file final.csv (CSV, C-alpha atoms)
chain,number,residue,atom,x,y,z
A,239,MET,CA,-41.4,84.7,16.8
A,240,ALA,CA,-42.1,81.7,19.1
A,241,ALA,CA,-45.2,79.7,18.8
A,242,SER,CA,-47.9,80.4,21.4
A,243,ASN,CA,-48.9,76.8,21.5
A,244,PRO,CA,-45.7,74.7,21.3
A,245,VAL,CA,-45.7,70.9,21.8
A,246,VAL,CA,-43.1,69.3,24.1
A,247,LEU,CA,-42.8,65.5,23.9
A,248,ILE,CA,-40.9,63.7,26.7
A,249,ASP,CA,-39.9,60.1,26.3
A,250,GLY,CA,-37.8,57.7,28.3
A,251,ARG,CA,-38.1,54.3,29.9
A,252,SER,CA,-40.1,53.7,33.0
A,253,GLY,CA,-38.6,55.5,36.0
A,254,ALA,CA,-36.4,57.8,33.9
A,255,GLY,CA,-38.1,61.0,35.2
A,256,LYS,CA,-40.6,61.9,32.5
A,257,SER,CA,-43.3,63.0,34.9
A,258,SER,CA,-40.9,64.9,37.1
A,259,LEU,CA,-39.5,66.8,34.1
A,260,ALA,CA,-43.1,67.6,33.0
A,261,ARG,CA,-44.0,68.9,36.4
A,262,ALA,CA,-40.8,71.0,36.5
A,263,LEU,CA,-41.5,72.5,33.1
A,264,VAL,CA,-45.1,73.4,34.1
A,265,ALA,CA,-43.7,75.1,37.3
A,266,ARG,CA,-41.3,77.2,35.2
A,267,TRP,CA,-43.6,77.8,32.2
A,268,PRO,CA,-43.5,81.6,31.3
A,269,LEU,CA,-47.3,81.9,31.5
A,270,ARG,CA,-48.4,80.0,34.6
A,271,GLY,CA,-51.5,78.0,34.2
A,272,ARG,CA,-51.4,78.2,30.5
A,273,VAL,CA,-49.9,74.8,29.6
A,274,GLN,CA,-51.6,71.4,29.4
A,275,VAL,CA,-50.0,68.2,30.4
A,276,VAL,CA,-51.0,64.7,29.3
A,277,ALA,CA,-49.3,61.7,30.8
A,278,LEU,CA,-49.5,58.5,28.7
A,279,ASP,CA,-49.9,56.6,31.9
A,280,SER,CA,-53.5,57.9,31.8
A,281,ILE,CA,-54.0,56.6,28.2
A,282,TYR,CA,-52.2,53.3,27.8
A,283,PRO,CA,-54.9,50.6,27.5
A,284,GLY,CA,-53.4,48.1,30.0
A,285,TRP,CA,-50.0,46.5,30.6
A,286,ASP,CA,-49.6,45.4,27.0
A,287,GLY,CA,-50.7,48.8,25.6
A,288,LEU,CA,-47.5,50.8,25.1
A,289,ASP,CA,-47.8,51.0,21.3
A,290,ASP,CA,-51.6,51.4,21.4
A,291,GLY,CA,-51.3,54.3,23.9
A,292,VAL,CA,-48.8,56.1,21.8
A,293,GLU,CA,-51.1,55.7,18.7
A,294,LEU,CA,-54.1,57.0,20.7
A,295,ALA,CA,-52.0,60.0,21.8
A,296,ARG,CA,-51.0,60.7,18.2
A,297,GLU,CA,-54.5,60.4,16.7
A,298,LEU,CA,-56.5,62.0,19.6
A,299,ILE,CA,-54.2,64.6,20.9
A,300,LEU,CA,-51.2,65.5,18.8
A,301,ARG,CA,-52.7,65.5,15.3
A,302,PRO,CA,-55.8,67.6,16.3
A,303,HIS,CA,-53.5,70.0,18.2
A,304,ALA,CA,-51.3,70.4,15.2
A,305,ARG,CA,-54.4,71.2,13.0
A,306,GLY,CA,-55.8,73.7,15.5
A,307,LEU,CA,-58.6,71.4,16.6
A,308,VAL,CA,-59.7,70.3,20.0
A,309,GLY,CA,-58.4,66.8,20.9
A,310,VAL,CA,-60.4,64.5,23.1
A,311,TRP,CA,-58.9,61.5,24.8
A,312,GLN,CA,-60.3,59.0,27.4
A,313,ARG,CA,-58.5,58.1,30.6
A,314,TRP,CA,-57.8,54.4,31.1
A,315,ASP,CA,-59.1,53.1,34.4
A,316,TRP,CA,-56.4,50.7,35.5
A,317,THR,CA,-58.6,49.3,38.3
A,318,VAL,CA,-61.5,48.2,36.1
A,319,GLY,CA,-59.5,47.8,32.8
A,320,GLU,CA,-61.5,50.0,30.6
A,321,PRO,CA,-61.8,53.6,29.3
A,322,ALA,CA,-63.2,56.2,31.7
A,323,GLU,CA,-64.0,59.9,31.5
A,324,ALA,CA,-63.0,62.0,28.5
A,325,HIS,CA,-60.6,65.0,28.6
A,326,ALA,CA,-60.2,67.8,26.1
A,327,VAL,CA,-57.0,69.4,24.8
A,328,ASP,CA,-57.2,73.0,23.8
A,329,PRO,CA,-55.2,73.6,20.6
A,330,SER,CA,-54.6,77.3,21.5
A,331,LEU,CA,-52.5,76.3,24.5
A,332,PRO,CA,-49.0,74.8,24.8
A,333,LEU,CA,-49.0,71.1,25.4
A,334,ILE,CA,-46.6,68.7,27.1
A,335,VAL,CA,-47.1,65.0,26.5
A,336,GLU,CA,-45.0,62.6,28.4
A,337,GLY,CA,-44.7,58.8,28.3
A,338,ALA,CA,-42.7,55.8,27.5
A,339,GLY,CA,-42.7,55.0,23.8
A,340,LEU,CA,-43.8,58.5,22.7
A,341,LEU,CA,-41.0,59.4,20.3
A,342,THR,CA,-41.6,57.6,17.1
A,343,PRO,CA,-41.1,58.8,13.5
A,344,ALA,CA,-44.9,59.5,13.3
A,345,THR,CA,-45.1,61.5,16.5
A,346,ALA,CA,-41.7,63.3,16.3
A,347,ARG,CA,-42.9,65.6,13.5
A,348,LEU,CA,-45.7,66.8,15.8
A,349,GLY,CA,-43.4,67.9,18.6
A,350,ASP,CA,-41.6,71.3,18.6
A,351,VAL,CA,-39.3,70.1,21.4
A,352,ARG,CA,-38.6,66.3,21.7
A,353,VAL,CA,-36.8,65.1,24.9
A,354,TRP,CA,-35.3,61.7,25.5
A,355,LEU,CA,-34.3,60.9,29.1
A,356,GLU,CA,-31.5,58.3,29.3
A,357,SER,CA,-31.1,56.5,32.6
A,358,PRO,CA,-29.5,53.2,33.8
A,359,ALA,CA,-31.9,50.3,34.3
A,360,ALA,CA,-31.1,49.8,38.0
A,361,SER,CA,-31.8,53.4,38.8
A,362,ARG,CA,-35.0,53.5,36.8
A,363,LYS,CA,-36.3,50.3,38.3
A,364,GLN,CA,-35.6,51.5,41.8
A,365,ARG,CA,-37.4,54.8,41.2
A,366,ALA,CA,-40.4,53.2,39.4
A,367,LEU,CA,-40.9,50.6,42.1
A,368,ALA,CA,-40.6,53.1,44.8
A,369,ARG,CA,-43.2,55.2,43.1
A,370,ASP,CA,-45.7,52.5,42.0
A,371,GLY,CA,-44.8,49.7,44.4
A,372,ASP,CA,-46.4,46.3,44.3
A,373,GLY,CA,-48.8,47.4,41.6
A,374,PHE,CA,-46.0,47.7,39.0
A,375,ARG,CA,-43.6,45.0,40.3
A,376,PRO,CA,-45.2,42.0,38.7
A,377,HIS,CA,-45.4,43.9,35.3
A,378,TRP,CA,-41.9,45.4,35.3
A,379,GLU,CA,-40.4,42.9,32.8
A,380,ARG,CA,-43.5,42.8,30.6
A,381,TRP,CA,-43.5,46.6,30.3
A,382,ALA,CA,-39.7,46.8,29.9
A,383,ALA,CA,-39.9,44.4,26.9
A,384,GLN,CA,-42.3,46.8,25.1
A,385,GLU,CA,-39.9,49.7,25.9
A,386,ARG,CA,-36.9,47.7,24.5
A,387,GLN,CA,-38.9,47.0,21.3
A,388,HIS,CA,-39.7,50.7,21.0
A,389,VAL,CA,-36.0,51.7,21.4
A,390,ALA,CA,-34.9,49.1,18.9
A,391,ARG,CA,-37.6,50.0,16.3
A,392,ASP,CA,-37.9,53.8,16.7
A,393,ASP,CA,-34.5,54.9,18.0
A,394,PRO,CA,-36.0,57.7,20.1
A,395,MET,CA,-32.7,59.2,21.1
A,396,ARG,CA,-32.1,60.0,17.4
A,397,LEU,CA,-35.5,61.6,17.1
A,398,ALA,CA,-34.9,63.8,20.2
A,399,THR,CA,-33.9,67.4,20.0
A,400,LEU,CA,-32.6,67.2,23.6
A,401,VAL,CA,-31.1,64.1,25.3
A,402,ILE,CA,-30.9,64.4,29.1
A,403,PRO,CA,-28.8,61.9,31.1
A,404,VAL,CA,-30.5,61.0,34.4
A,405,PRO,CA,-28.3,59.1,36.9
call {"tool": "encode", "arguments": {"input": "final.csv", "output": "structure tokens"}}
result
Amino acid sequence: MAASNPVVLIDGRSGAGKSSLARALVARWPLRGRVQVVALDSIYPGWDGLDDGVELARELILRPHARGLVGVWQRWDWTVGEPAEAHAVDPSLPLIVEGAGLLTPATARLGDVRVWLESPAASRKQRALARDGDGFRPHWERWAAQERQHVARDDPMRLATLVIPVP
């Protein structure tokens, strides 16, 4: 019997297509309107916060969900550089969490389906800068360094149950 509240974790470097995949999954979810999505872009505490954002997701969203408890996380307001309003995660509903750095040994055990999106740097950069424009451009290398550290340390491709190449 399939779980009624599975957890899907989607990782990949910036511009790999994580948000697009999450939207596509929601659109095709068997019970429409009955799946929650959390994007780590809403949680990372600033441009140096990749690891901290993943840890917040693990502690405030994934662990409570796994225990059948309501998780509560705060959105990061990128404009003012501080936490904003709180959001609840219902443990009885399926959950998709997507974000760079997400697949670690600590989070992998909390995901039923773990996806790694593999995409060439040039394609990713083009997509990310087309999406986020000048707001991201000055931070691209700073963020990419954190992603490289995550890949070297956590080997997310190995932790994935599904690896999807994205041109």
call {"tool": "atom_distance", "arguments": {"input": "final.csv", "atom1": "CA of Pro405 (chain A)", "atom2": "CA of Gly255 (chain A)"}}
result
10.1 Å
call {"tool": "residues_around", "arguments": {"input": "final.csv", "residues": "region 385-396 of chain A", "least_positions_apart": "2", "cutoff": "6 Å", "atoms": "all atoms listed in the file", "output": "VMD selection string"}}
result
chain A and resid 339 341 to 342 354 382 to 383 398
call {"tool": "residues_around", "arguments": {"input": "final.csv", "residues": "Arg313 (chain A)", "least_positions_apart": "3", "cutoff": "9 Å", "atoms": "only C-alpha atoms", "output": "list of chain:residue names"}}
result
A:Asp279, A:Ser280, A:Ile281, A:Tyr282, A:Pro283, A:Glu320, A:Pro321, A:Ala322, A:Glu323, A:Ala324, A:His325
call {"tool": "closest_residue", "arguments": {"input": "final.csv", "among": "A:Leu247, A:Glu336, A:Ser252, A:Ser257", "to": "Leu278 (chain A)", "atoms": "only C-alpha atoms"}}
result
A:Glu336
call {"tool": "closest_residue", "arguments": {"input": "final.csv", "among": "A:Gly337, A:Pro244, A:Pro403, A:Gly253", "to": "Gly371 (chain A)", "atoms": "only C-alpha atoms"}}
result
A:Gly253
call {"tool": "closest_residue", "arguments": {"input": "final.csv", "among": "A:Val276, A:Ala368, A:Ala360, A:Val245", "to": "Val310 (chain A)", "atoms": "only C-alpha atoms"}}
result
A:Val276
call {"tool": "closest_residue", "arguments": {"input": "final.csv", "among": "A:Glu297, A:Asp328, A:Asp249, A:Asp315", "to": "Val273 (chain A)", "atoms": "all atoms listed in the file"}}
result
A:Asp328
call {"tool": "residues_near_point", "arguments": {"input": "final.csv", "point": "(-43.2, 45.8, 40.0)", "cutoff": "12 Å", "atoms": "all atoms listed in the file", "output": "PyMOL selection string"}}
result
chain A and resi 252-253+285+362-382
call {"tool": "write_last_selection", "arguments": {"input": "final.csv", "atoms": "C-alpha atoms", "output": "PDB file, keeping the file's coordinate frame"}}
result
ATOM      1  CA  SER A 252     -40.100  53.700  33.000  1.00  0.00           C
ATOM      2  CA  GLY A 253     -38.600  55.500  36.000  1.00  0.00           C
ATOM      3  CA  TRP A 285     -50.000  46.500  30.600  1.00  0.00           C
ATOM      4  CA  ARG A 362     -35.000  53.500  36.800  1.00  0.00           C
ATOM      5  CA  LYS A 363     -36.300  50.300  38.300  1.00  0.00           C
ATOM      6  CA  GLN A 364     -35.600  51.500  41.800  1.00  0.00           C
ATOM      7  CA  ARG A 365     -37.400  54.800  41.200  1.00  0.00           C
ATOM      8  CA  ALA A 366     -40.400  53.200  39.400  1.00  0.00           C
ATOM      9  CA  LEU A 367     -40.900  50.600  42.100  1.00  0.00           C
ATOM     10  CA  ALA A 368     -40.600  53.100  44.800  1.00  0.00           C
ATOM     11  CA  ARG A 369     -43.200  55.200  43.100  1.00  0.00           C
ATOM     12  CA  ASP A 370     -45.700  52.500  42.000  1.00  0.00           C
ATOM     13  CA  GLY A 371     -44.800  49.700  44.400  1.00  0.00           C
ATOM     14  CA  ASP A 372     -46.400  46.300  44.300  1.00  0.00           C
ATOM     15  CA  GLY A 373     -48.800  47.400  41.600  1.00  0.00           C
ATOM     16  CA  PHE A 374     -46.000  47.700  39.000  1.00  0.00           C
ATOM     17  CA  ARG A 375     -43.600  45.000  40.300  1.00  0.00           C
ATOM     18  CA  PRO A 376     -45.200  42.000  38.700  1.00  0.00           C
ATOM     19  CA  HIS A 377     -45.400  43.900  35.300  1.00  0.00           C
ATOM     20  CA  TRP A 378     -41.900  45.400  35.300  1.00  0.00           C
ATOM     21  CA  GLU A 379     -40.400  42.900  32.800  1.00  0.00           C
ATOM     22  CA  ARG A 380     -43.500  42.800  30.600  1.00  0.00           C
ATOM     23  CA  TRP A 381     -43.500  46.600  30.300  1.00  0.00           C
ATOM     24  CA  ALA A 382     -39.700  46.800  29.900  1.00  0.00           C
TER      25      ALA A 382
END
call {"tool": "closest_residue", "arguments": {"input": "final.csv", "among": "A:Gly309, A:Ile334, A:Ser242, A:Ala254", "to": "Ser361 (chain A)", "atoms": "only C-alpha atoms"}}
result
A:Ala254
call {"tool": "atom_distance", "arguments": {"input": "final.csv", "atom1": "CA of Val292 (chain A)", "atom2": "CA of Ala304 (chain A)"}}
result
15.9 Å
